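Enquirer: Below you will find the structure I want to go over with you.
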Number of protein chains: 4
Amino acid sequence: MMNTFEQYESEVRGYCRSFPAMFTSAKGAWMIDAEGRRYLDFFCGAGVLNYGHNPDKIKQALLAYLMRDGITHSLDMYTEAKQAFIARFNDVILQPRGLRYKFQFPGPTGTNAVEAALKLARKVTGREQVVGFTNAFHGMTLGALAVTGNGFKRAGAGVPLGHTASVPFDGYLGEGTDTLDYFEALLKDEGSGMDKPAAVIVETVQAEGGVNVASVEWLQRLRRITEEHGVLLIVDDIQVGCGRTGAFFSFEDAGIVPDIVTLSKSLSGYGLPLALVLIKPELDQWAPGEHNGTFRGHNPAFVTATAALRFWQDGLLAEDVARKAGLVEKRLTDIVAKHAPGARVRGRGLIWGIEFDDTQLAARISQACFKRGLIIETAGIDDQVLKLLPSLTIAEEELRHGLDVIEAGLREALSVDNASPAIEAAA
Amino acid sequence: MMNTFEQYESEVRGYCRSFPAMFTSAKGAWMIDAEGRRYLDFFCGAGVLNYGHNPDKIKQALLAYLMRDGITHSLDMYTEAKQAFIARFNDVILQPRGLRYKFQFPGPTGTNAVEAALKLARKVTGREQVVGFTNAFHGMTLGALAVTGNGFKRAGAGVPLGHTASVPFDGYLGEGTDTLDYFEALLKDEGSGMDKPAAVIVETVQAEGGVNVASVEWLQRLRRITEEHGVLLIVDDIQVGCGRTGAFFSFEDAGIVPDIVTLSKSLSGYGLPLALVLIKPELDQWAPGEHNGTFRGHNPAFVTATAALRFWQDGLLAEDVARKAGLVEKRLTDIVAKHAPGARVRGRGLIWGIEFDDTQLAARISQACFKRGLIIETAGIDDQVLKLLPSLTIAEEELRHGLDVIEAGLREALSVDNASPAIEAAA
Amino acid sequence: MMNTFEQYESEVRGYCRSFPAMFTSAKGAWMIDAEGRRYLDFFCGAGVLNYGHNPDKIKQALLAYLMRDGITHSLDMYTEAKQAFIARFNDVILQPRGLRYKFQFPGPTGTNAVEAALKLARKVTGREQVVGFTNAFHGMTLGALAVTGNGFKRAGAGVPLGHTASVPFDGYLGEGTDTLDYFEALLKDEGSGMDKPAAVIVETVQAEGGVNVASVEWLQRLRRITEEHGVLLIVDDIQVGCGRTGAFFSFEDAGIVPDIVTLSKSLSGYGLPLALVLIKPELDQWAPGEHNGTFRGHNPAFVTATAALRFWQDGLLAEDVARKAGLVEKRLTDIVAKHAPGARVRGRGLIWGIEFDDTQLAARISQACFKRGLIIETAGIDDQVLKLLPSLTIAEEELRHGLDVIEAGLREALSVDNASPAIEAAA
Amino acid sequence: MMNTFEQYESEVRGYCRSFPAMFTSAKGAWMIDAEGRRYLDFFCGAGVLNYGHNPDKIKQALLAYLMRDGITHSLDMYTEAKQAFIARFNDVILQPRGLRYKFQFPGPTGTNAVEAALKLARKVTGREQVVGFTNAFHGMTLGALAVTGNGFKRAGAGVPLGHTASVPFDGYLGEGTDTLDYFEALLKDEGSGMDKPAAVIVETVQAEGGVNVASVEWLQRLRRITEEHGVLLIVDDIQVGCGRTGAFFSFEDAGIVPDIVTLSKSLSGYGLPLALVLIKPELDQWAPGEHNGTFRGHNPAFVTATAALRFWQDGLLAEDVARKAGLVEKRLTDIVAKHAPGARVRGRGLIWGIEFDDTQLAARISQACFKRGLIIETAGIDDQVLKLLPSLTIAEEELRHGLDVIEAGLREALSVDNASPAIEAAA
């Protein structure tokens, strides 16, 4: 059955190796494969499906648009669908939060948005250096890759990645050290060897990096330091924006206002490619056409993104996420306390991770869960973190079921682990 | 009416300034705006809509897939929709042409495909330099931008673009000079100061660069030189592949086989974002996950791309394009002979350009055409080229109508031009 | 008198602005200007004149060589003078210390030596990144400048400086923090965003950087970490080698053996340009002519450098330096305790600094000293450090005199400082 | 005898492999080795010894200065010796030629001068790109290496060399092509992919590159083009300045005035390291200390450089060089016509080359000459050029003797060549 892929698809393919099924359809929190097997989805397409698979609220809008031959592709010409999205996003998201941003639609992927944000920051400040954080992930094109921490991905560039510096994320040097002490020292000292940056780019929760959560205080201090030094603050909210941490923007809890925000993944609400760069009005110093991209006006995605904003017209979703977050945190803490006392549980909203010292364990749990019908991935530089990313709209019952499977998977993974030496001894 | 955009959308917006209408729907060769006005489309979303807007053959497949909750988003997991596309593309496109390539789906935009191709070429050869051509256009992310010629776009990077060299495209130094003499001299000479390249990346017709057409002989020699020196040849067929020049791949007429091919734009056939990198099997040296991208498995686009291959099951489309190409060439030659004798007409298949010495003229013609209900853009570094990009499936009658409008637009633009001094004199 | 310089010499000139005299001759610890005024030299040409000006022991050897028309210039051909130097340096310096190094003579300046060392480290390891430290100074050519901390000097490059990272030097983050914790964390973590380095380059005492002294323990740990990670250790001993800290090499006290050592400045012993790269034999993987430089065989400098080794045939000079170091440290500590309690005194051997919180003070002291016939410079990113660099062979009486002048200069500088507000108030 | 070097000196050593003697003294056009053997010098330390070895006119001034303890080392403080040099250079060289330049003394080697020139050009223009020519040689530090053509030297950098582009030197594309057509096309075309350069750096005769001579017309057009485009012109006169081509500056014959000129090698006249950057006054926008270098004030070299200017107080030297040039050209042309008809003779003043198609031949001739007591090196990317660089002050008799030896060496090299197949056949 997998012949087509193994024979013709590039060796670069990845997730299909962890989840070797051929998927055909999906609905809500569930995916179905060609053999009719159902999988509960705690992965959500790496954060694209915050509202679940093919949500009906959005689906109807999309079908209607396509059926009436609404314009599909338009580069950056004006369209009704884009106008509706901009207006609604303003009304539902920005204005209630007191935010004023201009909208740039770059190519419809996260890395395109990051590239646009970095270009603009460099243009506006006239500086070249951009600072990223240890274990950051911002994308695979050369500009975004240069602020990504992962050494394996970086080496894939085939050229040295420059005009960037990496400084330690919150918690990187252990409990006792405020890593911003170091960053601030570098900024203050003209002799630090770090050229003054145009911008700092940060994820408030490093998802790919291993579910590393920045504290509210750390984010506030980062905002303060960048302001003092005239350095722009870019929040890359591609994976943990759109409600993943509860609020629409992940930085709301810290009460900070970034200079530039990048969004993608769950923005269209339906898995359609769409990306958005939000820019403080005074920083919108682009010349017409200075940055472009063919699919920057993907209207079906504007339509679904507009429909998705219905989830945000009241505060219920955020409340719902908060309740589920409590449930997940408690359960994971219990599981760990019972079975893996040294492991570390961390997260915010509905992104959670368990970090194990044994770097093989998370992958074994993921496999054990997959056998049991749960899709859950690993994260972190050594894949040492089991990463939970259920949809925000998952039913509590489904959520509890998934957590049960995790516990079972963990027990199986540990028993294999413990058994191994015995087996070897016997052999 | 435009308030939303002018107030909230970034200054970077471009095409909407040339074509100031708000579009709502589209079908075949026509776009319709909010006021019900109809525009014949000689632009096709910069080459995305080779089969016209919302073609019914493809639309039905898309609607059916969405209605049955076919899986929308899946990263690079295995799906039925992807399997069908790979199999069909192999059967309909690759095998009949004797081509063997592996498929990589990068992020769903052209620039993502180019970035992947450059990374792979660098990895496989262990070299860093990539050679591009004068007036090339390959994308806006930093890796692709570094092989793009346009100085304004390059400056937008905000950092110097490196690990690349630019050499003259076919015809760049005038009729008498074979520009590959120079490139070959650089390659042969260890003292040339040009580090030995991993790859050369080329468009067989430079679309954005001004409809510059490489001759069959030049392409064949380029293939020969690159082979002799162990340099990979990447054909960027994003804008002029998928039948734009008649054959499915633009390089078929030259009888060459590139090492890597990039496709996007018209690949999905319906304006949905999709990109593909075709790789000679022996060069598929990617490690799993070494390059990735969230939307690399956009299943609705696989569905439409598979449906679009129906256009290629026989040779009729290519024949049709050839016939229309003759029609366009003849008519443009006549128009130019009559009204603008110094202008140069060039093209292949259904991509044509008229280059004027007066660099203001093409833009004025474009505006004059827009007033008459024809959407047509300009190209070239000074926008000195009027660029025709009608859909391949346009009816001959529509094509003739568009050409009539161009003639009228040209006459208006010229009369304004001639009139101006008089008006000024009178003033 | 200064007209020639002000009219014709570039604005880039620096030290002449601090010490506005025209010098004509010099002997031992003293310089004489055109008006016959004598200056005690606590600057020593930025570390070039460890044995004082025009020492007779060396002078006679140089004159004899020139008089007999010994070969002056020979690139890297074999000469008697070079042979004698290599043999003597081996006998007097390397063998007694159990060191085995090969000799590379790059162009005759420190920055040439650093460039050669960096190239070789990159070649041997096949990696591109080199790590330098905050406030490091390694030279002004692009390769060396990229590992130099000073932002003003870096900006002078006019291009971004890459392939390097800067990490905190010993003490950079205050007393409580071992800065190598951070560096080691980056090395261990594949997700740190710092590409694995070819080498680390370090000064054991950062002279230009403000007389920052690395502790023995820190250097030992740095050696251990670099060994564990297969990273080369380059000690740049250009300013503080050749006895400046007491031992011939500044790293001897720490008992470490660098992989590569760079020497220049006092190496020729007479102010003649000469530089040397010492390379562990197994790392000498240069191809013939892979790095070169016209003046890499400056024979008069070989002659004086050979003669200078007489200072090292017994241990007396090191003992002498140790005794003088004690004298300087005590006296500076007393001066500071009496007049400037918050200032920090630090140093090793005969390089000492006083760091003041008032960043104007050191420059004012330097000027006050110059008026009193003492040449002494400032260091540190804000010139906040008064830097003592007397010759190693200075007489104790001269040393005491210089320290007296410093005290007087400090008192004057402080009184002006304290007086200022009063004066302003009166005005 | 060679043990010391083979055992202890780095494998990077080069010239000693071609000329395996140990030299002890030298005078005029002759070098003497440890066994008392005398060698006529047609190499002159790669252009350092234009006035021969240890010329008495200069020697006396140097000895007198050293004996009276004139100041040796002074960084960029004012000294009598520097003042005298600046004043004399102005009087003897600049003013009579109507040139106005400011003097910058960088580190005392050619590559330091080039680095300073490139930095300044980038600063003044605010651009990063610098254009160099195919087969150029400007030095081994990273900035200068980036405008050097030689691929083997470039690879030695261990990092990619950027912010530069290489364009074809005069004659690079054969007789019929004016290579500046290409360069001008790139400059005019905003889409060329070559970022607008800060400066062009050029040698009027590429010495290391194979004695490639730019024509007067080509140099004049280069000056015109650079002026029109606001690009600075740097002439690197390090190897062919100081009279090598007859006039003091090699660009005088073309009647052009560069914006920046670099000098070194024969500047001190005695083999002492010294370098000079001449800067048009309006371009002297350095900040104090923005570029520095320890040995930038090497006073013994100022003393000898001042004495060397006596050679230029009348026009006799230039006349003398012109006469000898005629002699060399005629004789080389004859030799080639007689023995190696396909070889190409080219040169100006007293730098001449014979380029052979057989790339082994020049090295074999050099060896045959060395056996006969003549030192002569090869040049060009494949060492395919025999390069004559006798001192300007060589006696005609010595010059003729050297040319005789070359003929004998050529005959031997050819006979071995012709004999070889026979020998092989016999074997």
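Residue names in the structure tokens use chain letters A, B, ... in the order shown, residue numbers from 1 in each chain, and ligand numbers from 1 in the order shown.
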Within 12 Å of chain A, which residues belong to chain D? Use only C-alpha atoms and report them as a PyMOL selection string.

Expert: chain D and resi 126+158-162

Enquirer: Write out as a PyMOL selection string the set of residues from segment 132-376 of chain D that DSSP, computed on the backbone, places in strand (DSSP E).

Expert: chain D and resi 132-133+164-167+199-202+205-206+212-213+232-236+260-263+276-279+344-348+351-355+374-375

Enquirer: Could you pull the residues within 8 Å of Gln206 of chain C, counting only C-alpha atoms, minus those fewer than 6 positions along the same chain, as a count of residues only?

Expert: 5

Enquirer: What does the distance between atom CA of Leu392 of chain D and atom CA of Leu40 of chain D come to in Å, to one decimal place?

Expert: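 Taking atom CA of Leu392 of chain D and atom CA of Leu40 of chain D, their separation equals 13.4 Å.
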
Enquirer: DSSP on the backbone: what in segment 85-164 of chain A comes out helix (DSSP H, G or I), as JSON, numbers by chain?

Expert: {"A": [85, 86, 87, 88, 89, 90, 91, 92, 93, 94, 95, 96, 97, 110, 111, 112, 113, 114, 115, 116, 117, 118, 119, 120, 121, 122, 123, 124, 125, 142, 143, 144, 145, 151, 152, 153, 154, 155]}

Enquirer: Restrict the selected residues to N, CA and C atoms and save them as an mmCIF file, in the first residue's frame.

Expert:
```cif
data_model
loop_
_atom_site.group_PDB
_atom_site.id
_atom_site.type_symbol
_atom_site.label_atom_id
_atom_site.label_comp_id
_atom_site.auth_asym_id
_atom_site.auth_seq_id
_atom_site.Cartn_x
_atom_site.Cartn_y
_atom_site.Cartn_z
ATOM 1 N N PHE A 85 -12.243 39.676 5.620
ATOM 2 C CA PHE A 85 -11.354 39.159 6.656
ATOM 3 C C PHE A 85 -10.702 40.290 7.445
ATOM 4 N N ILE A 86 -10.165 41.266 6.733
ATOM 5 C CA ILE A 86 -9.483 42.370 7.425
ATOM 6 C C ILE A 86 -10.450 43.070 8.378
ATOM 7 N N ALA A 87 -11.638 43.352 7.873
ATOM 8 C CA ALA A 87 -12.609 44.070 8.693
ATOM 9 C C ALA A 87 -12.976 43.257 9.943
ATOM 10 N N ARG A 88 -13.247 41.962 9.737
ATOM 11 C CA ARG A 88 -13.676 41.129 10.862
ATOM 12 C C ARG A 88 -12.545 40.927 11.879
ATOM 13 N N PHE A 89 -11.337 40.720 11.387
ATOM 14 C CA PHE A 89 -10.207 40.514 12.296
ATOM 15 C C PHE A 89 -9.993 41.756 13.151
ATOM 16 N N ASN A 90 -10.135 42.890 12.511
ATOM 17 C CA ASN A 90 -10.053 44.148 13.236
ATOM 18 C C ASN A 90 -11.106 44.242 14.329
ATOM 19 N N ASP A 91 -12.328 43.943 13.949
ATOM 20 C CA ASP A 91 -13.452 44.083 14.879
ATOM 21 C C ASP A 91 -13.393 43.086 16.020
ATOM 22 N N VAL A 92 -13.086 41.833 15.672
ATOM 23 C CA VAL A 92 -13.206 40.764 16.664
ATOM 24 C C VAL A 92 -11.932 40.602 17.483
ATOM 25 N N ILE A 93 -10.791 40.815 16.853
ATOM 26 C CA ILE A 93 -9.529 40.535 17.549
ATOM 27 C C ILE A 93 -8.814 41.810 17.985
ATOM 28 N N LEU A 94 -8.498 42.672 17.042
ATOM 29 C CA LEU A 94 -7.615 43.786 17.389
ATOM 30 C C LEU A 94 -8.270 44.841 18.261
ATOM 31 N N GLN A 95 -9.407 45.367 17.815
ATOM 32 C CA GLN A 95 -9.984 46.484 18.554
ATOM 33 C C GLN A 95 -10.343 46.149 19.996
ATOM 34 N N PRO A 96 -10.967 45.006 20.262
ATOM 35 C CA PRO A 96 -11.286 44.700 21.666
ATOM 36 C C PRO A 96 -10.045 44.611 22.556
ATOM 37 N N ARG A 97 -8.910 44.339 21.943
ATOM 38 C CA ARG A 97 -7.670 44.228 22.719
ATOM 39 C C ARG A 97 -6.870 45.535 22.694
ATOM 40 N N GLY A 110 4.267 29.958 7.304
ATOM 41 C CA GLY A 110 4.897 30.609 8.438
ATOM 42 C C GLY A 110 6.264 31.170 8.109
ATOM 43 N N THR A 111 7.036 30.400 7.388
ATOM 44 C CA THR A 111 8.398 30.854 7.104
ATOM 45 C C THR A 111 8.386 32.085 6.213
ATOM 46 N N ASN A 112 7.402 32.201 5.318
ATOM 47 C CA ASN A 112 7.265 33.411 4.520
ATOM 48 C C ASN A 112 6.963 34.618 5.411
ATOM 49 N N ALA A 113 6.130 34.411 6.403
ATOM 50 C CA ALA A 113 5.782 35.504 7.307
ATOM 51 C C ALA A 113 7.008 35.945 8.105
ATOM 52 N N VAL A 114 7.783 34.972 8.550
ATOM 53 C CA VAL A 114 8.985 35.314 9.313
ATOM 54 C C VAL A 114 9.981 36.064 8.434
ATOM 55 N N GLU A 115 10.158 35.608 7.211
ATOM 56 C CA GLU A 115 11.081 36.305 6.303
ATOM 57 C C GLU A 115 10.641 37.760 6.100
ATOM 58 N N ALA A 116 9.337 37.953 5.924
ATOM 59 C CA ALA A 116 8.837 39.318 5.726
ATOM 60 C C ALA A 116 9.104 40.160 6.975
ATOM 61 N N ALA A 117 8.843 39.584 8.136
ATOM 62 C CA ALA A 117 9.040 40.323 9.385
ATOM 63 C C ALA A 117 10.511 40.711 9.569
ATOM 64 N N LEU A 118 11.416 39.784 9.261
ATOM 65 C CA LEU A 118 12.840 40.086 9.432
ATOM 66 C C LEU A 118 13.293 41.161 8.448
ATOM 67 N N LYS A 119 12.833 41.049 7.203
ATOM 68 C CA LYS A 119 13.190 42.077 6.223
ATOM 69 C C LYS A 119 12.748 43.454 6.690
ATOM 70 N N LEU A 120 11.508 43.515 7.135
ATOM 71 C CA LEU A 120 10.970 44.813 7.523
ATOM 72 C C LEU A 120 11.724 45.382 8.716
ATOM 73 N N ALA A 121 12.009 44.531 9.692
ATOM 74 C CA ALA A 121 12.740 44.999 10.874
ATOM 75 C C ALA A 121 14.106 45.533 10.478
ATOM 76 N N ARG A 122 14.743 44.841 9.535
ATOM 77 C CA ARG A 122 16.062 45.307 9.091
ATOM 78 C C ARG A 122 15.940 46.622 8.336
ATOM 79 N N LYS A 123 14.904 46.733 7.512
ATOM 80 C CA LYS A 123 14.733 47.967 6.746
ATOM 81 C C LYS A 123 14.474 49.153 7.667
ATOM 82 N N VAL A 124 13.563 48.964 8.586
ATOM 83 C CA VAL A 124 13.144 50.076 9.427
ATOM 84 C C VAL A 124 14.279 50.574 10.314
ATOM 85 N N THR A 125 15.080 49.643 10.816
ATOM 86 C CA THR A 125 16.153 50.049 11.739
ATOM 87 C C THR A 125 17.462 50.333 11.025
ATOM 88 N N LEU A 142 16.045 30.380 4.109
ATOM 89 C CA LEU A 142 17.328 30.774 4.709
ATOM 90 C C LEU A 142 17.246 31.866 5.766
ATOM 91 N N GLY A 143 16.377 32.843 5.548
ATOM 92 C CA GLY A 143 16.270 33.912 6.532
ATOM 93 C C GLY A 143 15.713 33.420 7.856
ATOM 94 N N ALA A 144 14.663 32.630 7.802
ATOM 95 C CA ALA A 144 14.035 32.113 9.016
ATOM 96 C C ALA A 144 14.906 31.046 9.672
ATOM 97 N N LEU A 145 15.585 30.278 8.870
ATOM 98 C CA LEU A 145 16.444 29.225 9.403
ATOM 99 C C LEU A 145 17.594 29.808 10.217
ATOM 100 N N GLY A 151 20.452 22.409 15.186
ATOM 101 C CA GLY A 151 21.688 22.259 14.424
ATOM 102 C C GLY A 151 21.537 21.402 13.177
ATOM 103 N N PHE A 152 20.707 20.385 13.250
ATOM 104 C CA PHE A 152 20.485 19.507 12.101
ATOM 105 C C PHE A 152 19.780 20.272 10.972
ATOM 106 N N LYS A 153 18.768 21.025 11.335
ATOM 107 C CA LYS A 153 18.056 21.826 10.336
ATOM 108 C C LYS A 153 18.981 22.906 9.774
ATOM 109 N N ARG A 154 19.753 23.528 10.635
ATOM 110 C CA ARG A 154 20.664 24.593 10.194
ATOM 111 C C ARG A 154 21.680 24.053 9.195
ATOM 112 N N ALA A 155 22.225 22.882 9.493
ATOM 113 C CA ALA A 155 23.232 22.306 8.604
ATOM 114 C C ALA A 155 22.637 22.050 7.229
#
```

Enquirer: What is the distance between atom CA of Gly241 of chain D and atom CA of Ser25 of chain D, in Å to one decimal?

Expert: 25.8 Å

Enquirer: As a VMD selection string, please: the residues near Glu6 of chain D (cut-off 12 Å, only C-alpha atoms, same-chain neighbours under 4 positions excluded).

Expert: (chain C and resid 78 83 86 102 to 104 281) or (chain D and resid 1 to 2 10 to 14 16 to 17 20)

Enquirer: So that I have them on file, write out the residues from the current selection with all heavy atoms, as a compact mmCIF listing (two decimals), in the first residue's frame.

Expert:
```
# COMPACT_ATOMS: atom_id res chain seq x y z
N TYR C 78 64.83 30.04 2.51
CA TYR C 78 65.66 29.71 3.67
C TYR C 78 66.73 30.76 3.84
O TYR C 78 67.39 31.15 2.87
CB TYR C 78 66.36 28.35 3.46
CG TYR C 78 65.42 27.17 3.37
CD1 TYR C 78 65.70 26.13 2.50
CD2 TYR C 78 64.29 27.08 4.18
CE1 TYR C 78 64.87 25.03 2.42
CE2 TYR C 78 63.45 25.98 4.10
CZ TYR C 78 63.74 24.96 3.22
OH TYR C 78 62.92 23.88 3.14
N GLN C 83 66.98 30.49 10.21
CA GLN C 83 67.40 29.23 10.83
C GLN C 83 67.84 29.44 12.28
O GLN C 83 67.46 28.71 13.18
CB GLN C 83 68.56 28.63 10.03
CG GLN C 83 68.87 27.20 10.48
CD GLN C 83 70.15 26.69 9.86
OE1 GLN C 83 71.14 27.41 9.75
NE2 GLN C 83 70.12 25.42 9.44
N ILE C 86 64.74 30.05 14.55
CA ILE C 86 63.95 28.84 14.83
C ILE C 86 64.69 27.95 15.82
O ILE C 86 64.12 27.46 16.82
CB ILE C 86 63.65 28.07 13.53
CG1 ILE C 86 62.71 28.88 12.63
CG2 ILE C 86 63.05 26.70 13.83
CD1 ILE C 86 62.44 28.25 11.27
N LYS C 102 55.13 23.64 15.46
CA LYS C 102 55.77 24.05 14.23
C LYS C 102 55.59 25.56 14.06
O LYS C 102 54.69 26.16 14.64
CB LYS C 102 55.20 23.26 13.05
CG LYS C 102 55.63 21.79 13.14
CD LYS C 102 55.28 21.00 11.91
CE LYS C 102 56.29 21.25 10.81
NZ LYS C 102 55.97 20.42 9.61
N PHE C 103 56.49 26.14 13.28
CA PHE C 103 56.56 27.60 13.14
C PHE C 103 55.97 28.03 11.80
O PHE C 103 56.42 27.59 10.76
CB PHE C 103 58.02 28.08 13.12
CG PHE C 103 58.77 27.89 14.40
CD1 PHE C 103 59.04 26.61 14.91
CD2 PHE C 103 59.27 28.99 15.10
CE1 PHE C 103 59.76 26.44 16.09
CE2 PHE C 103 59.98 28.82 16.28
CZ PHE C 103 60.23 27.55 16.78
N GLN C 104 55.01 28.93 11.84
CA GLN C 104 54.58 29.58 10.61
C GLN C 104 54.81 31.07 10.75
O GLN C 104 54.37 31.69 11.73
CB GLN C 104 53.10 29.32 10.33
CG GLN C 104 52.61 30.05 9.07
CD GLN C 104 51.14 29.87 8.77
OE1 GLN C 104 50.41 29.30 9.58
NE2 GLN C 104 50.70 30.34 7.63
N PRO C 281 52.19 20.02 15.83
CA PRO C 281 52.64 19.37 14.59
C PRO C 281 51.53 18.64 13.84
O PRO C 281 51.44 18.72 12.62
CB PRO C 281 53.71 18.39 15.09
CG PRO C 281 54.24 19.04 16.33
CD PRO C 281 53.07 19.73 16.97
N MET D 1 71.57 20.33 6.32
CA MET D 1 71.52 21.79 6.48
C MET D 1 70.09 22.32 6.55
O MET D 1 69.80 23.25 7.27
CB MET D 1 72.23 22.45 5.29
CG MET D 1 72.26 23.97 5.38
SD MET D 1 72.89 24.73 3.85
CE MET D 1 71.47 24.58 2.77
N MET D 2 69.20 21.71 5.79
CA MET D 2 67.83 22.19 5.75
C MET D 2 66.99 21.63 6.89
O MET D 2 65.82 21.94 7.00
CB MET D 2 67.18 21.80 4.42
CG MET D 2 67.89 22.34 3.21
SD MET D 2 68.15 24.14 3.31
CE MET D 2 69.23 24.40 1.90
N SER D 10 56.50 25.28 9.16
CA SER D 10 55.22 24.75 8.67
C SER D 10 55.30 24.34 7.21
O SER D 10 56.06 24.89 6.42
CB SER D 10 54.14 25.81 8.83
OG SER D 10 53.02 25.48 8.04
N GLU D 11 54.47 23.38 6.88
CA GLU D 11 54.37 22.92 5.49
C GLU D 11 53.92 24.02 4.54
O GLU D 11 53.96 23.84 3.32
CB GLU D 11 53.39 21.75 5.41
CG GLU D 11 53.87 20.50 6.13
CD GLU D 11 55.21 20.02 5.61
OE1 GLU D 11 55.41 20.01 4.39
OE2 GLU D 11 56.08 19.68 6.44
N VAL D 12 53.48 25.12 5.07
CA VAL D 12 52.98 26.20 4.23
C VAL D 12 54.10 26.87 3.43
O VAL D 12 53.85 27.55 2.45
CB VAL D 12 52.23 27.25 5.09
CG1 VAL D 12 53.19 28.22 5.75
CG2 VAL D 12 51.17 27.98 4.26
N ARG D 13 55.34 26.66 3.85
CA ARG D 13 56.46 27.33 3.16
C ARG D 13 56.46 26.97 1.68
O ARG D 13 56.16 25.83 1.31
CB ARG D 13 57.78 26.98 3.84
CG ARG D 13 58.21 25.54 3.72
CD ARG D 13 59.34 25.20 4.71
NE ARG D 13 59.89 23.87 4.41
CZ ARG D 13 59.34 22.73 4.82
NH1 ARG D 13 58.25 22.72 5.58
NH2 ARG D 13 59.88 21.58 4.49
N GLY D 14 56.82 27.96 0.86
CA GLY D 14 56.68 27.77 -0.58
C GLY D 14 57.93 28.02 -1.39
O GLY D 14 58.49 27.11 -1.98
N CYS D 16 60.96 28.43 -0.79
CA CYS D 16 62.15 27.66 -0.46
C CYS D 16 62.15 26.31 -1.18
O CYS D 16 63.19 25.68 -1.36
CB CYS D 16 62.26 27.46 1.05
SG CYS D 16 60.79 26.72 1.76
N ARG D 17 60.99 25.86 -1.59
CA ARG D 17 60.92 24.60 -2.32
C ARG D 17 61.42 24.79 -3.76
O ARG D 17 61.99 23.87 -4.35
CB ARG D 17 59.48 24.08 -2.34
CG ARG D 17 58.94 23.82 -0.93
CD ARG D 17 57.45 23.47 -0.95
NE ARG D 17 56.86 23.54 0.37
CZ ARG D 17 56.67 22.49 1.18
NH1 ARG D 17 57.05 21.29 0.80
NH2 ARG D 17 56.12 22.65 2.36
N PRO D 20 66.02 25.98 -3.39
CA PRO D 20 66.51 25.32 -2.17
C PRO D 20 67.98 25.64 -1.85
O PRO D 20 68.83 24.79 -1.94
CB PRO D 20 66.31 23.84 -2.49
CG PRO D 20 66.40 23.76 -3.97
CD PRO D 20 65.91 25.05 -4.52
```

Enquirer: How many Å lie between atom CA of Gly271 of chain A and atom CA of Ala34 of chain A, rounded to one decimal?

Expert: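 Separation between atom CA of Gly271 of chain A and atom CA of Ala34 of chain A: 20.3 Å.
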
Enquirer: Neighbours of segment 50-60 of chain A within 7 Å (only C-alpha atoms; same-chain residues fewer than 4 positions away dropped), as a PyMOL selection string?

Expert: (chain A and resi 26-29+44+64+244+266+269-270+304+307-308+391-393) or (chain B and resi 69)

Enquirer: As a PyMOL selection string, please: the residues near Ala207 of chain C (cut-off 8 Å, only C-alpha atoms, same-chain neighbours under 4 positions excluded).

Expert: chain C and resi 137+211-212+239-240+351+379

Enquirer: If you keep C-alpha atoms, can you produce a file of those selected residues as a PDB file, in the first residue's frame?

Expert:
```
ATOM      1  CA  PHE C 137      40.710  42.311  20.435  1.00  0.00           C
ATOM      2  CA  VAL C 211      42.852  44.538  31.352  1.00  0.00           C
ATOM      3  CA  ASN C 212      40.384  41.733  32.006  1.00  0.00           C
ATOM      4  CA  GLN C 239      49.985  41.500  23.562  1.00  0.00           C
ATOM      5  CA  VAL C 240      50.530  39.550  26.757  1.00  0.00           C
ATOM      6  CA  ILE C 351      50.043  44.660  32.761  1.00  0.00           C
ATOM      7  CA  ALA C 379      41.690  50.810  27.591  1.00  0.00           C
TER       8      ALA C 379
END
```
